[in-house]
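*Asks:* Pasting target12.txt below, which is compact mmCIF, C-alpha atoms and all ligand atoms.
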```
# COMPACT_ATOMS: atom_id res chain seq x y z
CA MET J 4 -25.74 -29.04 51.86
CA THR J 5 -24.25 -29.38 48.41
CA ARG J 6 -20.87 -27.89 47.81
CA ALA J 7 -20.79 -24.97 45.35
CA LYS J 8 -19.44 -26.10 41.98
CA ARG J 9 -16.33 -24.35 40.66
CA HIS J 10 -17.04 -22.74 37.31
CA THR J 11 -14.50 -22.15 34.59
CA PRO J 12 -15.76 -19.02 32.79
CA VAL J 13 -17.24 -19.96 29.43
CA LEU J 14 -16.02 -17.59 26.77
CA ARG J 15 -18.32 -16.47 24.03
CA SER J 16 -17.16 -17.32 20.52
CA PHE J 17 -14.20 -15.45 19.06
CA ALA J 18 -16.50 -13.75 16.54
CA ALA J 19 -19.12 -12.74 19.14
CA ARG J 20 -16.45 -11.09 21.30
CA LEU J 21 -14.99 -9.27 18.31
CA ILE J 22 -18.37 -8.01 17.11
CA ALA J 23 -19.29 -6.73 20.59
CA TRP J 24 -15.86 -5.04 20.87
CA GLN J 25 -16.23 -3.45 17.44
CA ARG J 26 -19.58 -1.93 18.40
CA SER J 27 -18.13 -0.16 21.44
CA HIS J 28 -14.44 0.31 20.61
CA GLY J 29 -13.98 -0.06 16.84
CA ARG J 30 -13.76 2.61 14.18
CA HIS J 31 -17.11 3.79 12.80
CA ASP J 32 -16.63 7.07 11.01
CA LEU J 33 -13.89 6.52 8.48
CA PRO J 34 -14.91 8.15 5.17
CA TRP J 35 -15.32 4.78 3.39
CA GLN J 36 -17.51 3.37 6.18
CA ARG J 37 -20.38 5.71 5.40
CA THR J 38 -21.17 4.01 2.13
CA ARG J 39 -22.24 0.73 0.57
CA ASP J 40 -20.78 1.84 -2.74
CA ALA J 41 -18.48 -1.00 -3.83
CA TYR J 42 -16.40 1.43 -5.92
CA ARG J 43 -15.50 3.60 -2.90
CA ILE J 44 -14.96 0.59 -0.66
CA TRP J 45 -12.65 -0.92 -3.28
CA LEU J 46 -10.61 2.33 -3.53
CA SER J 47 -10.17 2.42 0.24
CA GLU J 48 -9.21 -1.25 0.48
CA ILE J 49 -6.51 -0.85 -2.18
CA MET J 50 -5.18 2.35 -0.59
CA LEU J 51 -5.10 0.74 2.86
CA GLN J 52 -2.83 -2.06 1.66
CA GLN J 53 0.58 -1.33 3.22
CA THR J 54 -0.57 2.17 4.28
CA GLN J 55 -2.03 3.45 7.53
CA VAL J 56 -5.53 4.90 7.84
CA ALA J 57 -4.41 8.44 8.79
CA THR J 58 -2.17 8.65 5.69
CA VAL J 59 -4.86 7.26 3.39
CA ILE J 60 -7.75 9.60 4.36
CA PRO J 61 -6.66 12.79 2.47
CA TYR J 62 -5.58 10.76 -0.59
CA TYR J 63 -8.87 8.88 -0.58
CA GLU J 64 -10.90 12.08 -0.35
CA ARG J 65 -9.00 13.70 -3.23
CA LEU J 66 -9.27 10.59 -5.39
CA VAL J 67 -13.02 10.25 -4.80
CA ALA J 68 -13.58 13.97 -5.46
CA THR J 69 -11.77 13.76 -8.81
CA PHE J 70 -12.96 10.29 -9.84
CA PRO J 71 -16.42 9.93 -8.24
CA ASP J 72 -17.24 6.67 -10.02
CA VAL J 73 -15.66 3.80 -11.87
CA ARG J 74 -16.38 5.23 -15.33
CA THR J 75 -14.59 8.52 -14.54
CA LEU J 76 -11.60 6.58 -13.26
CA ALA J 77 -11.52 4.28 -16.28
CA ALA J 78 -11.73 7.24 -18.69
CA ALA J 79 -8.92 9.20 -16.99
CA PRO J 80 -5.36 9.06 -18.35
CA LEU J 81 -3.08 6.93 -16.17
CA ASP J 82 -0.87 9.97 -15.52
CA ARG J 83 -3.71 11.76 -13.80
CA VAL J 84 -4.35 8.77 -11.54
CA LEU J 85 -0.64 8.56 -10.71
CA GLU J 86 -0.61 12.27 -9.85
CA HIS J 87 -3.30 11.64 -7.25
CA TRP J 88 -1.34 8.67 -5.94
CA SER J 89 1.96 10.50 -5.77
CA GLY J 90 3.45 10.21 -2.27
CA LEU J 91 1.34 7.20 -1.22
CA GLY J 92 3.96 4.72 -2.49
CA TYR J 93 3.57 1.20 -3.91
CA TYR J 94 2.56 2.62 -7.29
CA ARG J 95 1.65 -0.75 -8.73
CA ARG J 96 -1.58 -0.30 -6.77
CA ALA J 97 -2.46 2.78 -8.85
CA HIS J 98 -1.66 0.97 -12.12
CA HIS J 99 -3.86 -1.93 -11.03
CA LEU J 100 -6.63 0.41 -9.91
CA HIS J 101 -6.74 2.00 -13.32
CA ALA J 102 -6.59 -1.35 -15.14
CA ALA J 103 -9.36 -2.77 -12.94
CA ALA J 104 -11.59 0.27 -13.57
CA LYS J 105 -11.19 -0.29 -17.31
CA ALA J 106 -11.96 -4.00 -16.89
CA ILE J 107 -15.13 -3.20 -14.91
CA VAL J 108 -16.33 -0.85 -17.67
CA GLU J 109 -15.35 -3.18 -20.52
CA HIS J 110 -16.39 -6.55 -19.08
CA HIS J 111 -19.01 -5.76 -16.44
CA GLY J 112 -20.91 -2.88 -18.05
CA GLY J 113 -19.52 -0.41 -15.50
CA ALA J 114 -21.16 -2.17 -12.51
CA PHE J 115 -18.86 -3.44 -9.77
CA PRO J 116 -19.14 -7.27 -9.69
CA ARG J 117 -20.96 -8.62 -6.61
CA ASP J 118 -19.52 -12.08 -6.43
CA THR J 119 -16.27 -12.54 -4.42
CA GLN J 120 -14.67 -14.88 -6.97
CA THR J 121 -15.36 -12.45 -9.80
CA ILE J 122 -14.05 -9.51 -7.75
CA ALA J 123 -10.84 -11.49 -7.16
CA THR J 124 -10.23 -11.73 -10.92
CA LEU J 125 -9.76 -7.94 -11.20
CA PRO J 126 -6.19 -6.60 -11.37
CA GLY J 127 -4.65 -5.92 -7.95
CA ILE J 128 -7.40 -7.65 -5.93
CA GLY J 129 -6.42 -10.77 -4.04
CA ARG J 130 -8.58 -13.21 -2.12
CA SER J 131 -8.59 -11.21 1.13
CA THR J 132 -9.34 -7.83 -0.49
CA ALA J 133 -12.13 -9.37 -2.59
CA ALA J 134 -13.72 -10.82 0.56
CA ALA J 135 -13.47 -7.48 2.39
CA ILE J 136 -15.10 -5.57 -0.50
CA ALA J 137 -17.87 -8.17 -0.80
CA ALA J 138 -18.49 -8.07 2.97
CA PHE J 139 -18.66 -4.28 3.24
CA ALA J 140 -20.54 -3.61 0.00
CA PHE J 141 -22.85 -6.64 -0.23
CA GLY J 142 -22.77 -8.31 3.21
CA ALA J 143 -21.20 -11.45 1.69
CA ARG J 144 -19.73 -13.97 4.15
CA GLY J 145 -16.03 -14.65 3.51
CA ALA J 146 -12.72 -14.73 5.39
CA ILE J 147 -10.09 -12.00 5.17
CA LEU J 148 -6.39 -12.41 5.88
CA ASP J 149 -4.43 -9.20 5.44
CA GLY J 150 -1.14 -8.55 7.23
CA ASN J 151 -2.78 -7.39 10.47
CA VAL J 152 -5.18 -10.33 10.58
CA ARG J 153 -2.34 -12.78 9.98
CA ARG J 154 -0.53 -11.38 13.00
CA LEU J 155 -3.66 -11.46 15.17
CA LEU J 156 -4.52 -15.05 14.23
CA ALA J 157 -0.93 -16.30 14.42
CA ARG J 158 -0.80 -15.04 18.01
CA HIS J 159 -4.29 -15.95 19.12
CA ARG J 160 -4.16 -19.48 17.69
CA GLY J 161 -0.42 -19.94 18.42
CA ILE J 162 0.56 -20.65 14.79
CA ALA J 163 4.33 -20.54 14.34
CA GLY J 164 6.20 -20.13 11.04
CA TYR J 165 6.56 -17.28 8.57
CA PRO J 166 3.04 -16.40 7.25
CA GLY J 167 4.45 -15.92 3.74
CA GLU J 168 5.16 -19.68 3.56
CA THR J 169 2.41 -21.64 1.83
CA LYS J 170 1.90 -24.14 4.65
CA VAL J 171 1.60 -21.45 7.31
CA GLU J 172 -0.64 -19.33 5.12
CA GLN J 173 -2.95 -22.28 4.50
CA ALA J 174 -3.17 -22.93 8.24
CA LEU J 175 -4.08 -19.28 8.83
CA TRP J 176 -6.76 -19.32 6.10
CA LYS J 177 -8.24 -22.43 7.68
CA GLU J 178 -8.45 -20.67 11.05
CA ALA J 179 -9.86 -17.50 9.44
CA GLU J 180 -12.61 -19.53 7.78
CA GLY J 181 -13.36 -21.60 10.86
CA LEU J 182 -13.89 -18.47 12.97
CA LEU J 183 -16.39 -16.78 10.62
CA PRO J 184 -19.72 -15.88 12.22
CA ARG J 185 -23.03 -16.75 10.56
CA ARG J 186 -24.24 -13.15 10.80
CA ASP J 187 -22.84 -9.63 11.19
CA ILE J 188 -20.04 -10.28 8.73
CA GLU J 189 -19.52 -6.58 8.16
CA ALA J 190 -18.97 -5.76 11.85
CA TYR J 191 -16.80 -8.87 12.26
CA THR J 192 -14.59 -8.01 9.25
CA GLN J 193 -14.18 -4.45 10.48
CA ALA J 194 -13.41 -5.75 13.99
CA LEU J 195 -10.59 -7.96 12.70
CA MET J 196 -9.10 -5.00 10.83
CA ASP J 197 -9.47 -2.61 13.77
CA LEU J 198 -8.18 -5.03 16.37
CA GLY J 199 -5.15 -5.90 14.23
CA ALA J 200 -4.38 -2.25 13.53
CA THR J 201 -4.98 -0.74 16.97
CA VAL J 202 -4.68 -3.43 19.67
CA CYS J 203 -2.78 -6.49 18.44
CA THR J 204 -0.06 -4.26 17.00
CA ARG J 205 3.34 -5.54 15.88
CA ALA J 206 5.20 -3.88 18.74
CA ALA J 207 3.74 -3.60 22.26
CA PRO J 208 0.23 -5.05 21.67
CA ARG J 209 -2.40 -3.76 24.12
CA CYS J 210 -3.50 -7.17 25.40
CA PHE J 211 -5.21 -5.58 28.42
CA GLU J 212 -7.74 -4.06 25.98
CA CYS J 213 -8.12 -7.16 23.81
CA PRO J 214 -11.54 -8.87 23.77
CA VAL J 215 -9.99 -12.27 22.93
CA ALA J 216 -7.12 -12.15 25.46
CA GLY J 217 -8.83 -14.84 27.60
CA ASP J 218 -7.93 -17.67 25.19
CA CYS J 219 -4.97 -16.15 23.33
CA ILE J 220 -2.31 -18.86 23.05
CA ALA J 221 0.61 -16.47 22.50
CA ARG J 222 -0.34 -14.55 25.63
CA ARG J 223 -0.81 -17.67 27.73
CA GLU J 224 2.49 -19.16 26.61
CA GLY J 225 4.52 -15.92 26.65
CA ARG J 226 5.16 -16.11 22.87
CA ILE J 227 3.76 -12.75 21.76
CA ALA J 228 7.16 -11.36 20.76
CA GLU J 229 7.99 -14.40 18.63
CA LEU J 230 4.66 -14.64 16.75
CA PRO J 231 4.18 -14.33 13.89
CA SER J 232 7.60 -15.67 12.94
CA PRO J 233 9.62 -13.15 10.93
CA ARG J 234 10.59 -13.60 7.29
CA PRO J 235 13.73 -15.77 7.13
CA THR J 236 16.57 -13.27 6.80
CA LYS J 237 18.23 -12.95 3.48
CA MET J 238 20.64 -10.21 2.46
CA LEU J 239 19.03 -7.91 -0.08
CA PRO J 240 21.22 -7.02 -3.05
CA GLN J 241 22.51 -3.46 -3.09
CA ARG J 242 22.34 -1.34 -6.25
CA ALA J 243 23.38 2.23 -6.97
CA VAL J 244 22.45 4.82 -9.59
CA ARG J 245 23.31 8.44 -10.33
CA VAL J 246 20.35 10.77 -10.98
CA LEU J 247 20.91 14.01 -12.87
CA LEU J 248 19.38 17.25 -11.64
CA ILE J 249 19.60 19.00 -14.99
CA GLU J 250 18.62 22.64 -14.41
CA ARG J 251 17.93 25.39 -16.91
CA ALA J 252 16.09 28.72 -16.53
CA GLY J 253 14.52 27.79 -13.19
CA ALA J 254 13.27 24.37 -14.35
CA ILE J 255 14.42 20.79 -13.84
CA LEU J 256 14.41 18.08 -16.49
CA PHE J 257 12.26 15.00 -15.82
CA GLU J 258 12.05 11.80 -17.76
CA LYS J 259 9.11 9.41 -17.95
CA ARG J 260 9.92 5.96 -16.49
CA PRO J 261 9.17 2.91 -18.65
CA ALA J 262 5.69 1.38 -18.31
CA ALA J 263 7.08 -1.67 -16.49
CA GLY J 264 9.61 -2.06 -13.69
CA ILE J 265 10.24 0.12 -10.65
CA TRP J 266 8.41 3.45 -10.51
CA ALA J 267 6.62 2.48 -13.73
CA GLY J 268 5.04 5.41 -15.56
CA LEU J 269 6.19 8.05 -13.02
CA TRP J 270 8.24 11.12 -13.85
CA SER J 271 11.77 10.85 -12.48
CA LEU J 272 15.22 12.36 -12.98
CA PRO J 273 17.38 11.04 -15.84
CA GLU J 274 19.63 8.24 -14.63
CA VAL J 275 23.16 7.18 -15.49
CA ALA J 276 25.46 4.54 -14.04
CA VAL J 277 27.45 5.73 -11.02
CA ASP J 278 30.76 5.48 -12.88
CA ASP J 279 29.48 6.99 -16.16
CA ASP J 280 31.19 10.04 -17.66
CA VAL J 281 28.30 12.50 -17.14
CA PRO J 282 29.26 15.11 -19.83
CA ARG J 283 29.70 12.36 -22.43
CA ARG J 284 26.44 10.68 -21.55
CA CYS J 285 24.55 14.00 -21.72
CA LYS J 286 26.15 14.79 -25.07
CA ALA J 287 25.10 11.40 -26.45
CA ARG J 288 21.63 11.46 -24.92
CA PHE J 289 20.59 15.13 -25.24
CA ALA J 290 23.15 16.49 -27.76
CA THR J 291 24.13 19.25 -25.37
CA ASP J 292 27.18 20.42 -23.44
CA ILE J 293 26.68 20.47 -19.71
CA VAL J 294 28.51 21.77 -16.67
CA VAL J 295 28.85 19.23 -13.88
CA GLY J 296 27.83 20.82 -10.60
CA GLU J 297 27.67 19.77 -6.98
CA ALA J 298 27.17 16.12 -5.97
CA LEU J 299 24.42 16.04 -3.31
CA ALA J 300 24.26 13.64 -0.37
CA PRO J 301 23.28 10.08 -1.42
CA ILE J 302 19.79 8.80 -0.60
CA GLU J 303 19.09 5.24 0.57
CA HIS J 304 15.86 3.66 -0.59
CA GLY J 305 14.55 0.17 0.11
CA PHE J 306 12.53 -1.95 -2.34
CA THR J 307 11.14 -5.39 -1.53
CA HIS J 308 13.91 -7.15 -3.42
CA PHE J 309 16.88 -4.79 -3.28
CA ARG J 310 18.27 -1.63 -1.74
CA LEU J 311 19.09 1.35 -3.90
CA THR J 312 21.61 4.13 -3.24
CA ILE J 313 20.71 7.21 -5.27
CA HIS J 314 23.54 9.67 -5.97
CA PRO J 315 22.05 13.04 -7.03
CA GLN J 316 24.28 15.13 -9.28
CA ARG J 317 23.57 18.76 -10.14
CA VAL J 318 24.07 19.57 -13.82
CA GLY J 319 23.87 22.98 -15.51
CA VAL J 320 22.95 23.56 -19.17
CA ARG J 321 23.51 26.73 -21.14
CA LYS J 322 21.71 25.83 -24.37
CA TRP J 323 19.10 23.15 -24.85
CA PRO J 324 18.85 21.98 -28.45
CA ALA J 325 15.31 21.73 -29.80
CA ARG J 326 15.98 18.21 -31.07
CA ALA J 327 16.57 17.05 -27.50
CA GLU J 328 12.88 17.71 -26.73
CA ALA J 329 10.97 14.44 -26.79
CA PRO J 330 7.60 13.16 -25.57
CA GLY J 331 9.23 11.38 -22.62
CA LEU J 332 10.97 14.52 -21.35
CA LEU J 333 9.48 17.37 -19.37
CA TRP J 334 10.83 20.58 -17.80
CA LEU J 335 9.12 21.40 -14.51
CA THR J 336 9.62 24.12 -11.94
CA ARG J 337 10.28 22.90 -8.42
CA GLU J 338 6.66 23.69 -7.41
CA ASP J 339 5.15 21.87 -10.40
CA ALA J 340 7.46 18.92 -9.79
CA LEU J 341 6.21 18.64 -6.21
CA ALA J 342 2.64 18.32 -7.52
CA ALA J 343 3.56 15.75 -10.19
CA ALA J 344 3.67 11.96 -9.98
CA LEU J 345 7.26 11.45 -8.82
CA PRO J 346 8.78 8.51 -6.89
CA ALA J 347 8.86 9.31 -3.14
CA PRO J 348 12.69 9.60 -2.76
CA ILE J 349 12.92 11.88 -5.83
CA LYS J 350 10.11 14.06 -4.50
CA ALA J 351 11.91 14.26 -1.12
CA LEU J 352 15.08 15.30 -2.94
CA ILE J 353 13.29 18.06 -4.89
CA ARG J 354 11.61 19.27 -1.71
CA ARG J 355 15.04 19.73 -0.10
CA LEU J 356 16.44 21.82 -2.98
S1 LIG A 401 -4.16 -11.02 23.75
FE1 LIG A 401 -2.58 -9.69 22.93
S2 LIG A 401 -1.42 -10.99 21.55
FE2 LIG A 401 -3.32 -12.04 21.95
S3 LIG A 401 -4.66 -11.44 20.28
FE3 LIG A 401 -5.05 -10.02 21.97
S4 LIG A 401 -3.69 -8.28 21.62
FE4 LIG A 401 -2.99 -9.97 20.32
```
Spell out the structure here as structure tokens.
*Replies:*
Amino acid sequence: MTRAKRHTPVLRSFAARLIAWQRSHGRHDLPWQRTRDAYRIWLSEIMLQQTQVATVIPYYERLVATFPDVRTLAAAPLDRVLEHWSGLGYYRRAHHLHAAAKAIVEHHGGAFPRDTQTIATLPGIGRSTAAAIAAFAFGARGAILDGNVRRLLARHRGIAGYPGETKVEQALWKEAEGLLPRRDIEAYTQALMDLGATVCTRAAPRCFECPVAGDCIARREGRIAELPSPRPTKMLPQRAVRVLLIERAGAILFEKRPAAGIWAGLWSLPEVAVDDDVPRRCKARFATDIVVGEALAPIEHGFTHFRLTIHPQRVGVRKWPARAEAPGLLWLTREDALAAALPAPIKALIRRL
């Protein structure tokens, strides 16, 4: 009698397991999944960068209702696009969206390009986003590597090092390309996104639900908490600014931010240096006498490269000289301000008034 052979279970390919998992456990009814329209898929991919699905859905639906196609978006004033983006954060995305819509109309006759390399030349679209759009809209085979996928692959393949470093990023791209299936690219791409967002989460990943747990290196070696390696710590510079809540007849004065730099093109409160003499600055800037009011609690806000402490200062005005009116200034009631394109911390401040 022959002895029974001991079998090591043979795992199906990484892609096959992901595709099967996506079919039964992935997300299927997100608003941008019910279309092959590259324009809508592009909008959703840009909005989903750095923002969670549940937050994006109402913004996406409003944006699509107002700008149903690329030509409407390209023809709209930037301010209107920013209004729709207000509260979603990372406003550069909205500037890029608008610029890319114009480029599609001007250089591609209003038709969304089909080729991944061409898509990647549009403002605000990197290699990963271009591949995702091409996969969902045209079924094109290409690797994606957004933040969630980096984490998933760093853990599953046991790749140490900060993924923002070129060498580590290249290693992750190589893995991402090597794992691509020949078919079902759409389901596979969606599976990577879903698994990264819902199972292989940053904190407390749900490995017991993971279809690729059987050969996950981080799990086998007890390195889940240390992968991917965090960004090497560096102290962010701290800056401070005073913002003026200039109020008159039930309205607040807003000033248009410059077209470049932080909060570009948004409406915000006039700013002065923290140690500025506020009455003198207002006299010089608006030719008016003001009454300095209450200083409100400071607000802390983090940017990628620095931290900002915002000191709000209430200011009253009795008379507003006509010559202080200018195209970059706008009086808004609290309600109108809450509907306008304001930076998130300024909107939060107005909401608390
Ligand atoms: S087993 Fe856990 S750590 Fe590994 S890929 Fe799956 S969810 Fe992520």
*Asks:* Name the residues in contact with Ala163 (chain J) at a cut-off of 8 Å, using all atoms listed in the file, excluding same-chain residues fewer than 2 positions from it; report them as a count of residues only.
*Replies:* 7
*Asks:* I want to know what sits within 7 Å of region 202-212 of chain J, based on all atoms listed in the file, with residues of the same chain fewer than 4 positions away left out; could you give that as a list in words?
*Replies:*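 With the cut-off at 7 Å, the set is Leu155, Leu198 and Ala216 of chain J.
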*Asks:* Please determine, counting only C-alpha atoms, which residue among J:Ala97, J:Pro80, J:Arg74, J:Ile302 has the shortest atom-to-atom distance to Tyr62 (chain J).
*Replies:*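 Between J:Ala97, J:Pro80, J:Arg74, J:Ile302, the residue approaching Tyr62 (chain J) most closely is J:Ala97.
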*Asks:* If we count all atoms listed in the file and set the cut-off at 10 Å, which residues sit around region 333-340 of chain J, ignoring sequence neighbours fewer than 6 positions away in its own chain? Please answer as a list in words.
*Replies:*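 After dropping sequence-adjacent residues, the list is Ile249, Glu250, Arg251, Ala252, Gly253, Ala254, Ile255, Leu256, Phe257, Glu258, Lys259, Trp270, Ser271, Leu272, Ile349, Lys350, Ile353, Arg354 and Leu356 of chain J.
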*Asks:* Can you pull out the residues contacting Asp118 (chain J)? Cut-off 12 Å, using all atoms listed in the file, and skip same-chain residues under 5 positions away; I want them as a count of residues only.
*Replies:* 18
*Asks:* Please indicate the distance in Å from CA of Ile107 (chain J) to CA of Ala77 (chain J), rounded to one decimal place.
*Replies:* 8.4 Å
*Asks:* Let me know the centre plus edge lengths, in Å and rounded to one decimal, of a box with edges along x, y and z that contains all listed atoms of ligand LIG 401 (chain A) and is padded by 5 Å on every side, as AutoDock Vina command-line options.
*Replies:*
```
--center_x -3.2 --center_y -10.2 --center_z 22.0 --size_x 13.6 --size_y 13.8 --size_z 13.5
```
*Asks:* Could you list, as a ChimeraX atom specification, every residue within 12 Å of Gly264 (chain J), counting all atoms listed in the file and ignoring same-chain residues fewer than 6 positions away?
*Replies:* /J:93-95,98,306
*Asks:* Please write the residues from the selection above to a file, keeping C-alpha atoms, as a PDB file, keeping the file's coordinate frame.
*Replies:*
```pdb
ATOM      1  CA  TYR J  93       3.570   1.200  -3.910  1.00  0.00           C
ATOM      2  CA  TYR J  94       2.560   2.620  -7.290  1.00  0.00           C
ATOM      3  CA  ARG J  95       1.650  -0.750  -8.730  1.00  0.00           C
ATOM      4  CA  HIS J  98      -1.660   0.970 -12.120  1.00  0.00           C
ATOM      5  CA  PHE J 306      12.530  -1.950  -2.340  1.00  0.00           C
TER       6      PHE J 306
END
```
*Asks:* Go ahead and find all residues with at least one atom no further than 10 Å from (-17.4, -18.2, 17.5) in the file's coordinates, using only C-alpha atoms; report them as a PyMOL selection string.
*Replies:* chain J and resi 14-21+181-185
*Asks:* Counting only C-alpha atoms and all ligand atoms, which of J:Val152, J:Ala57, J:Val84, J:Ala221 gets nearest to ligand LIG 401 (chain A)?
*Replies:*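 Between J:Val152, J:Ala57, J:Val84, J:Ala221, the residue approaching ligand LIG 401 (chain A) most closely is J:Ala221.
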*Asks:* Using only C-alpha atoms and all ligand atoms, pick whichever of J:Arg355, J:Arg222, J:Gly331, J:Arg242 has the shortest atom-to-atom distance to ligand LIG 401 (chain A).
*Replies:*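 Of J:Arg355, J:Arg222, J:Gly331, J:Arg242, the one nearest ligand LIG 401 (chain A), counting only C-alpha atoms and all ligand atoms, is J:Arg222.
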*Asks:* With only C-alpha atoms as the atoms that count, which of J:Val67, J:Ala194, J:Leu247, J:Ala228 lies nearest to Val215 (chain J)?
*Replies:* J:Ala194
*Asks:* Up to 7 Å from (0.3, 14.3, -7.4) in the file's coordinates: name the residues, counting only C-alpha atoms, as a PyMOL selection string.
*Replies:* chain J and resi 85-89+342-344
